[in-house]
Amino acid sequence: MDTMRDRFAPVMTRLLDDDPRVAVVLAEIGADAFARARARHPDRVINVGIREQLLVGAGAGLALSGMRPVVHTFASFLVERPFEQVKLDLGHQDVGAVLVSAAASFDWPAGGFTHMAPGDVALLDTLDGWTVHVPGHPDEAETLLRHAVAAGDDKVYVRLSAQSNAEGLAVDGARFLTVREGRSGVVIAVGPMLDTVLAATEGLDVTVLYATTVRPFDTATLLRATRAAGTDVVLVEPYLAGTSTAVVNDALPDLPHRVLGLGVGRRELRRYGEVDEHVAAHGLDARTLRERIQGFVA
């Protein structure tokens with residue numbers, strides 16, 4: 001099966017062909033995948049080199065000129081390193097762009113901590129007006145990317161990962177999907193965590209919601225789920241643990257509730273190992289998730 005990032009360049013190439021307003025801005029990473037697109041659209045496929053601040057600044061400049069820029073590199077170089085430009089060039093100037101990341105929280109452990117970004121969504125939460133998509137399958141990544149490019153002049157972050165669920169679902173860029181219904185709590189599985197969450201909750205009397213668009217947060221679906229399943233809510237996020245706990249609290253202001261945020265821990269793992277070892281070390285494997293979820297909703 002192809003990865004989300006494998007799908008990215010072909011989809012963007014078609015969008016470049018179809019819409020003269022679309023432009024792609026790269027910082028070396030991913031440039032080879034856009035060779036054909038650059039040959040066809042040399043003025044709209046721009047590689048700024050290893051200059052991540054310029055990457056975002058160039059995207060903002062294109063947006064100011066009326067283009068719809070799609071800006072791509074690893075998450076740590078797209079959100080963390082040029083955060084001042086994300087904050088000022090896009091946010092302060094009130095222009096939109098689509099930021100498309102790769103490598104997620106620890107998709108390339110051999111690259112070391114410089115290539116890991118578990119705090120990317122939490123960092124964007126300090127800014128106003130961002131839509132955040134976290135697909136869990138290449139088909140969903142294509143759908144959400146198309147939504148993002150078509151979203152007028154909105155500021156959108158699309159978080160691609162090498163980790164994937166076995167099957168894509170019919171996501172719409174807004175609502176959570178109810179995948180399983182129960183009466184003893186609600187578990188929200190974000191993006192690539194769905195298959196693991198379903199395995200972890202097999203036989204447990206809980207509702208499982210699937211979230212691929214986490215900002216804005218689908219409070220309406222969460223409220224409906226809590227009416228039937230109760231107000232114990234577990235968040236399983238593929239990035240920094242607890243990133244969305246405040247959003248859940250805000251969604252349930254009039255209901256006594258408890259929230260457990262599971263995700264990537266703050267402690268840096270200095271033995272980089274493999275992806276599966278990081279998953280286990282952060283307690284995001286099915287066995288550990290089951291223990292923590294069952295202990296919380298029991």
# chains A, B, ... in the order shown; residues from 1 in each chain; ligands from 1

$ residues_around --residues "Ala199 in chain A" --least-positions-apart "4" --cutoff "9 Å" --atoms "only C-alpha atoms" --output "number ranges by chain"
A: 194-195, 286-287, 290

$ write_last_selection --atoms "N, CA, C and O atoms" --output "tab-separated table (two decimals), in the first residue's frame"
chain	number	residue	atom	x	y	z
A	194	LEU	N	-6.60	4.74	14.97
A	194	LEU	CA	-7.89	4.06	15.02
A	194	LEU	C	-7.77	2.55	15.13
A	194	LEU	O	-8.41	1.93	15.99
A	195	ASP	N	-7.00	1.90	14.26
A	195	ASP	CA	-6.91	0.44	14.30
A	195	ASP	C	-6.42	-0.05	15.66
A	195	ASP	O	-6.92	-1.04	16.20
A	286	ALA	N	-1.51	-1.56	21.55
A	286	ALA	CA	-2.87	-1.97	21.91
A	286	ALA	C	-2.95	-2.48	23.35
A	286	ALA	O	-3.91	-2.18	24.06
A	287	ARG	N	-1.96	-3.26	23.78
A	287	ARG	CA	-2.02	-3.84	25.13
A	287	ARG	C	-2.01	-2.76	26.20
A	287	ARG	O	-2.83	-2.77	27.13
A	290	ARG	N	-5.20	-0.65	26.18
A	290	ARG	CA	-6.32	-1.35	26.79
A	290	ARG	C	-6.27	-1.25	28.32
A	290	ARG	O	-7.28	-0.99	28.97

$ select_by_dssp --residues "range 124-204 of chain A" --states "strand (DSSP E)" --output "VMD selection string"
chain A and resid 130 to 133 155 to 159 177 to 180 186 to 190

$ residues_around --residues "Leu269 in chain A" --least-positions-apart "4" --cutoff "12 Å" --atoms "only C-alpha atoms" --output "VMD selection string"
chain A and resid 105 to 106 109 to 110 112 to 113 116 118 264 to 265 273 to 275 277 to 282

$ atom_distance --atom1 "CA of Ser184 in chain A" --atom2 "CA of Thr196 in chain A"
19.1 Å

$ closest_residue --among "A:Val25, A:Val95, A:Val132, A:Ala103" --to "His72 in chain A" --atoms "only C-alpha atoms"
A:Val25

$ residues_around --residues "Ala211 in chain A" --least-positions-apart "3" --cutoff "10 Å" --atoms "only C-alpha atoms" --output "PDB file with N, CA and C atoms, in the first residue's frame"
ATOM      1  N   HIS A 133      -6.036  18.868  10.003  1.00  0.00           N
ATOM      2  CA  HIS A 133      -6.450  17.545   9.541  1.00  0.00           C
ATOM      3  C   HIS A 133      -5.361  16.528   9.899  1.00  0.00           C
ATOM      4  N   VAL A 134      -5.791  15.374  10.442  1.00  0.00           N
ATOM      5  CA  VAL A 134      -4.862  14.300  10.793  1.00  0.00           C
ATOM      6  C   VAL A 134      -5.390  13.004  10.171  1.00  0.00           C
ATOM      7  N   PRO A 135      -5.154  12.790   8.887  1.00  0.00           N
ATOM      8  CA  PRO A 135      -5.677  11.575   8.240  1.00  0.00           C
ATOM      9  C   PRO A 135      -5.036  10.319   8.806  1.00  0.00           C
ATOM     10  N   GLY A 136      -5.784   9.210   8.685  1.00  0.00           N
ATOM     11  CA  GLY A 136      -5.284   7.935   9.165  1.00  0.00           C
ATOM     12  C   GLY A 136      -5.038   6.934   8.068  1.00  0.00           C
ATOM     13  N   VAL A 171     -14.320  10.245   5.252  1.00  0.00           N
ATOM     14  CA  VAL A 171     -14.194  11.446   6.078  1.00  0.00           C
ATOM     15  C   VAL A 171     -14.628  12.658   5.262  1.00  0.00           C
ATOM     16  N   GLY A 173     -13.836  16.109   6.379  1.00  0.00           N
ATOM     17  CA  GLY A 173     -13.123  17.329   6.716  1.00  0.00           C
ATOM     18  C   GLY A 173     -13.776  18.150   7.801  1.00  0.00           C
ATOM     19  N   ALA A 174     -14.727  17.553   8.533  1.00  0.00           N
ATOM     20  CA  ALA A 174     -15.404  18.299   9.584  1.00  0.00           C
ATOM     21  C   ALA A 174     -15.783  17.418  10.761  1.00  0.00           C
ATOM     22  N   ARG A 175     -16.562  16.359  10.514  1.00  0.00           N
ATOM     23  CA  ARG A 175     -17.183  15.605  11.600  1.00  0.00           C
ATOM     24  C   ARG A 175     -16.375  14.372  12.006  1.00  0.00           C
ATOM     25  N   PHE A 176     -16.524  14.000  13.284  1.00  0.00           N
ATOM     26  CA  PHE A 176     -16.026  12.717  13.758  1.00  0.00           C
ATOM     27  C   PHE A 176     -16.971  11.616  13.271  1.00  0.00           C
ATOM     28  N   LEU A 177     -16.442  10.421  13.109  1.00  0.00           N
ATOM     29  CA  LEU A 177     -17.248   9.267  12.747  1.00  0.00           C
ATOM     30  C   LEU A 177     -17.442   8.378  13.968  1.00  0.00           C
ATOM     31  N   THR A 178     -18.652   7.889  14.156  1.00  0.00           N
ATOM     32  CA  THR A 178     -18.916   6.933  15.228  1.00  0.00           C
ATOM     33  C   THR A 178     -18.647   5.536  14.689  1.00  0.00           C
ATOM     34  N   ILE A 188     -11.854   8.672  21.856  1.00  0.00           N
ATOM     35  CA  ILE A 188     -11.642   9.382  20.595  1.00  0.00           C
ATOM     36  C   ILE A 188     -10.290   8.966  20.038  1.00  0.00           C
ATOM     37  N   ALA A 189     -10.315   8.279  18.892  1.00  0.00           N
ATOM     38  CA  ALA A 189      -9.093   7.847  18.226  1.00  0.00           C
ATOM     39  C   ALA A 189      -8.776   8.834  17.108  1.00  0.00           C
ATOM     40  N   VAL A 190      -7.592   9.399  17.131  1.00  0.00           N
ATOM     41  CA  VAL A 190      -7.211  10.407  16.150  1.00  0.00           C
ATOM     42  C   VAL A 190      -6.337   9.785  15.069  1.00  0.00           C
ATOM     43  N   GLY A 191      -6.750   9.953  13.819  1.00  0.00           N
ATOM     44  CA  GLY A 191      -5.954   9.568  12.662  1.00  0.00           C
ATOM     45  C   GLY A 191      -5.426   8.152  12.721  1.00  0.00           C
ATOM     46  N   PRO A 192      -4.110   7.965  12.615  1.00  0.00           N
ATOM     47  CA  PRO A 192      -3.527   6.621  12.524  1.00  0.00           C
ATOM     48  C   PRO A 192      -3.726   5.743  13.753  1.00  0.00           C
ATOM     49  N   MET A 193      -4.313   6.282  14.814  1.00  0.00           N
ATOM     50  CA  MET A 193      -4.507   5.501  16.039  1.00  0.00           C
ATOM     51  C   MET A 193      -5.754   4.627  16.001  1.00  0.00           C
ATOM     52  N   LEU A 194      -6.600   4.740  14.969  1.00  0.00           N
ATOM     53  CA  LEU A 194      -7.894   4.063  15.016  1.00  0.00           C
ATOM     54  C   LEU A 194      -7.771   2.549  15.131  1.00  0.00           C
ATOM     55  N   VAL A 208     -16.489   4.415  20.364  1.00  0.00           N
ATOM     56  CA  VAL A 208     -15.249   4.857  19.721  1.00  0.00           C
ATOM     57  C   VAL A 208     -15.599   5.862  18.631  1.00  0.00           C
ATOM     58  N   VAL A 214      -9.294  17.673  13.689  1.00  0.00           N
ATOM     59  CA  VAL A 214      -9.307  17.921  15.134  1.00  0.00           C
ATOM     60  C   VAL A 214      -9.436  19.396  15.494  1.00  0.00           C
ATOM     61  N   ARG A 215      -9.213  20.272  14.522  1.00  0.00           N
ATOM     62  CA  ARG A 215      -9.482  21.694  14.698  1.00  0.00           C
ATOM     63  C   ARG A 215     -10.158  22.194  13.425  1.00  0.00           C
ATOM     64  N   PHE A 217     -12.800  21.370  16.535  1.00  0.00           N
ATOM     65  CA  PHE A 217     -13.127  20.112  17.201  1.00  0.00           C
ATOM     66  C   PHE A 217     -14.632  19.879  17.106  1.00  0.00           C
ATOM     67  N   ASP A 218     -15.025  18.661  16.749  1.00  0.00           N
ATOM     68  CA  ASP A 218     -16.433  18.333  16.520  1.00  0.00           C
ATOM     69  C   ASP A 218     -17.134  18.114  17.863  1.00  0.00           C
ATOM     70  N   VAL A 236      -6.989   9.510  22.380  1.00  0.00           N
ATOM     71  CA  VAL A 236      -5.777   8.808  21.957  1.00  0.00           C
ATOM     72  C   VAL A 236      -5.264   9.533  20.725  1.00  0.00           C
ATOM     73  N   GLU A 237      -4.203  10.323  20.914  1.00  0.00           N
ATOM     74  CA  GLU A 237      -3.677  11.190  19.857  1.00  0.00           C
ATOM     75  C   GLU A 237      -2.275  10.745  19.464  1.00  0.00           C
TER      76      GLU A 237
END

$ closest_residue --among "A:Thr219, A:Thr243, A:Gln53, A:Thr207" --to "Arg266 in chain A" --atoms "only C-alpha atoms"
A:Thr243

$ residues_around --residues "Ala104 in chain A" --least-positions-apart "4" --cutoff "8 Å" --atoms "only C-alpha atoms" --output "NGL selection string"
:A and (74-75 or 116-118 or 159-162 or 239)

$ select_by_dssp --residues "range 154-289 of chain A" --states "alpha helix (DSSP H)" --output "PyMOL selection string"
chain A and resi 194-200+219-229+245-251+275-281+286-289

$ write_last_selection --atoms "C-alpha atoms" --output "compact mmCIF listing (two decimals), in the first residue's frame"
# COMPACT_ATOMS: atom_id res chain seq x y z
CA LEU A 194 -7.89 4.06 15.02
CA ASP A 195 -6.91 0.44 14.30
CA THR A 196 -4.90 0.24 17.52
CA VAL A 197 -7.74 1.76 19.53
CA LEU A 198 -10.26 -0.68 18.05
CA ALA A 199 -7.98 -3.58 19.00
CA ALA A 200 -7.44 -2.14 22.47
CA THR A 219 -18.12 19.12 19.83
CA ALA A 220 -21.59 18.20 18.53
CA THR A 221 -20.67 14.56 17.88
CA LEU A 222 -18.86 14.32 21.22
CA LEU A 223 -21.91 15.70 23.06
CA ARG A 224 -24.21 13.18 21.36
CA ALA A 225 -21.86 10.34 22.26
CA THR A 226 -21.67 11.34 25.93
CA ARG A 227 -25.48 11.28 26.25
CA ALA A 228 -25.47 7.54 25.60
CA ALA A 229 -22.03 6.49 26.81
CA THR A 245 -7.88 17.74 26.66
CA ALA A 246 -8.64 21.45 27.04
CA VAL A 247 -10.78 21.33 23.91
CA VAL A 248 -12.78 18.42 25.35
CA ASN A 249 -13.22 20.32 28.61
CA ASP A 250 -14.49 23.33 26.69
CA ALA A 251 -16.91 21.07 24.80
CA VAL A 275 8.85 3.20 15.01
CA ASP A 276 7.29 0.23 16.83
CA GLU A 277 9.68 0.72 19.73
CA HIS A 278 8.62 4.35 20.04
CA VAL A 279 4.97 3.34 19.92
CA ALA A 280 5.52 0.89 22.79
CA ALA A 281 7.70 3.28 24.79
CA ALA A 286 -2.87 -1.97 21.91
CA ARG A 287 -2.02 -3.84 25.13
CA THR A 288 -1.00 -0.74 27.08
CA LEU A 289 -3.86 1.32 25.71

$ residues_around --residues "Thr231 in chain A" --least-positions-apart "6" --cutoff "7 Å" --atoms "only C-alpha atoms" --output "list in words"
Gly185, His257 and Arg258 of chain A

$ residues_around --residues "Lys155 in chain A" --least-positions-apart "4" --cutoff "9 Å" --atoms "only C-alpha atoms" --output "VMD selection string"
chain A and resid 90 to 91 94 to 99 129 to 132 148 151

$ write_last_selection --atoms "C-alpha atoms" --output "PDB file, in the first residue's frame"
ATOM      1  CA  LEU A  90       0.512  33.985   7.744  1.00  0.00           C
ATOM      2  CA  GLY A  91      -1.345  34.774  10.970  1.00  0.00           C
ATOM      3  CA  ASP A  94      -4.215  37.259   7.856  1.00  0.00           C
ATOM      4  CA  VAL A  95      -3.460  35.220   4.751  1.00  0.00           C
ATOM      5  CA  GLY A  96      -4.023  31.537   4.206  1.00  0.00           C
ATOM      6  CA  ALA A  97      -1.895  28.599   3.138  1.00  0.00           C
ATOM      7  CA  VAL A  98      -1.945  24.825   3.327  1.00  0.00           C
ATOM      8  CA  LEU A  99       0.925  23.432   5.385  1.00  0.00           C
ATOM      9  CA  GLY A 129      -7.978  30.219  13.115  1.00  0.00           C
ATOM     10  CA  TRP A 130      -6.146  27.066  12.028  1.00  0.00           C
ATOM     11  CA  THR A 131      -7.895  23.998  10.646  1.00  0.00           C
ATOM     12  CA  VAL A 132      -5.968  20.811  11.457  1.00  0.00           C
ATOM     13  CA  ALA A 148      -7.693  22.006   2.323  1.00  0.00           C
ATOM     14  CA  ALA A 151     -10.866  25.960   1.487  1.00  0.00           C
TER      15      ALA A 151
END

$ atom_distance --atom1 "CA of Pro138 in chain A" --atom2 "CA of Gly168 in chain A"
7.2 Å

$ closest_residue --among "A:Ile29, A:Tyr157, A:Gly119, A:Val22" --to "Val86 in chain A" --atoms "only C-alpha atoms"
A:Tyr157

$ closest_residue --among "A:Arg40, A:Arg81, A:Arg51, A:Arg292" --to "Gly261 in chain A" --atoms "only C-alpha atoms"
A:Arg292

$ closest_residue --among "A:Gly182, A:Leu284, A:Arg270, A:Val121" --to "Val297 in chain A" --atoms "only C-alpha atoms"
A:Gly182

$ atom_distance --atom1 "CA of Val24 in chain A" --atom2 "CA of Asp154 in chain A"
15.9 Å
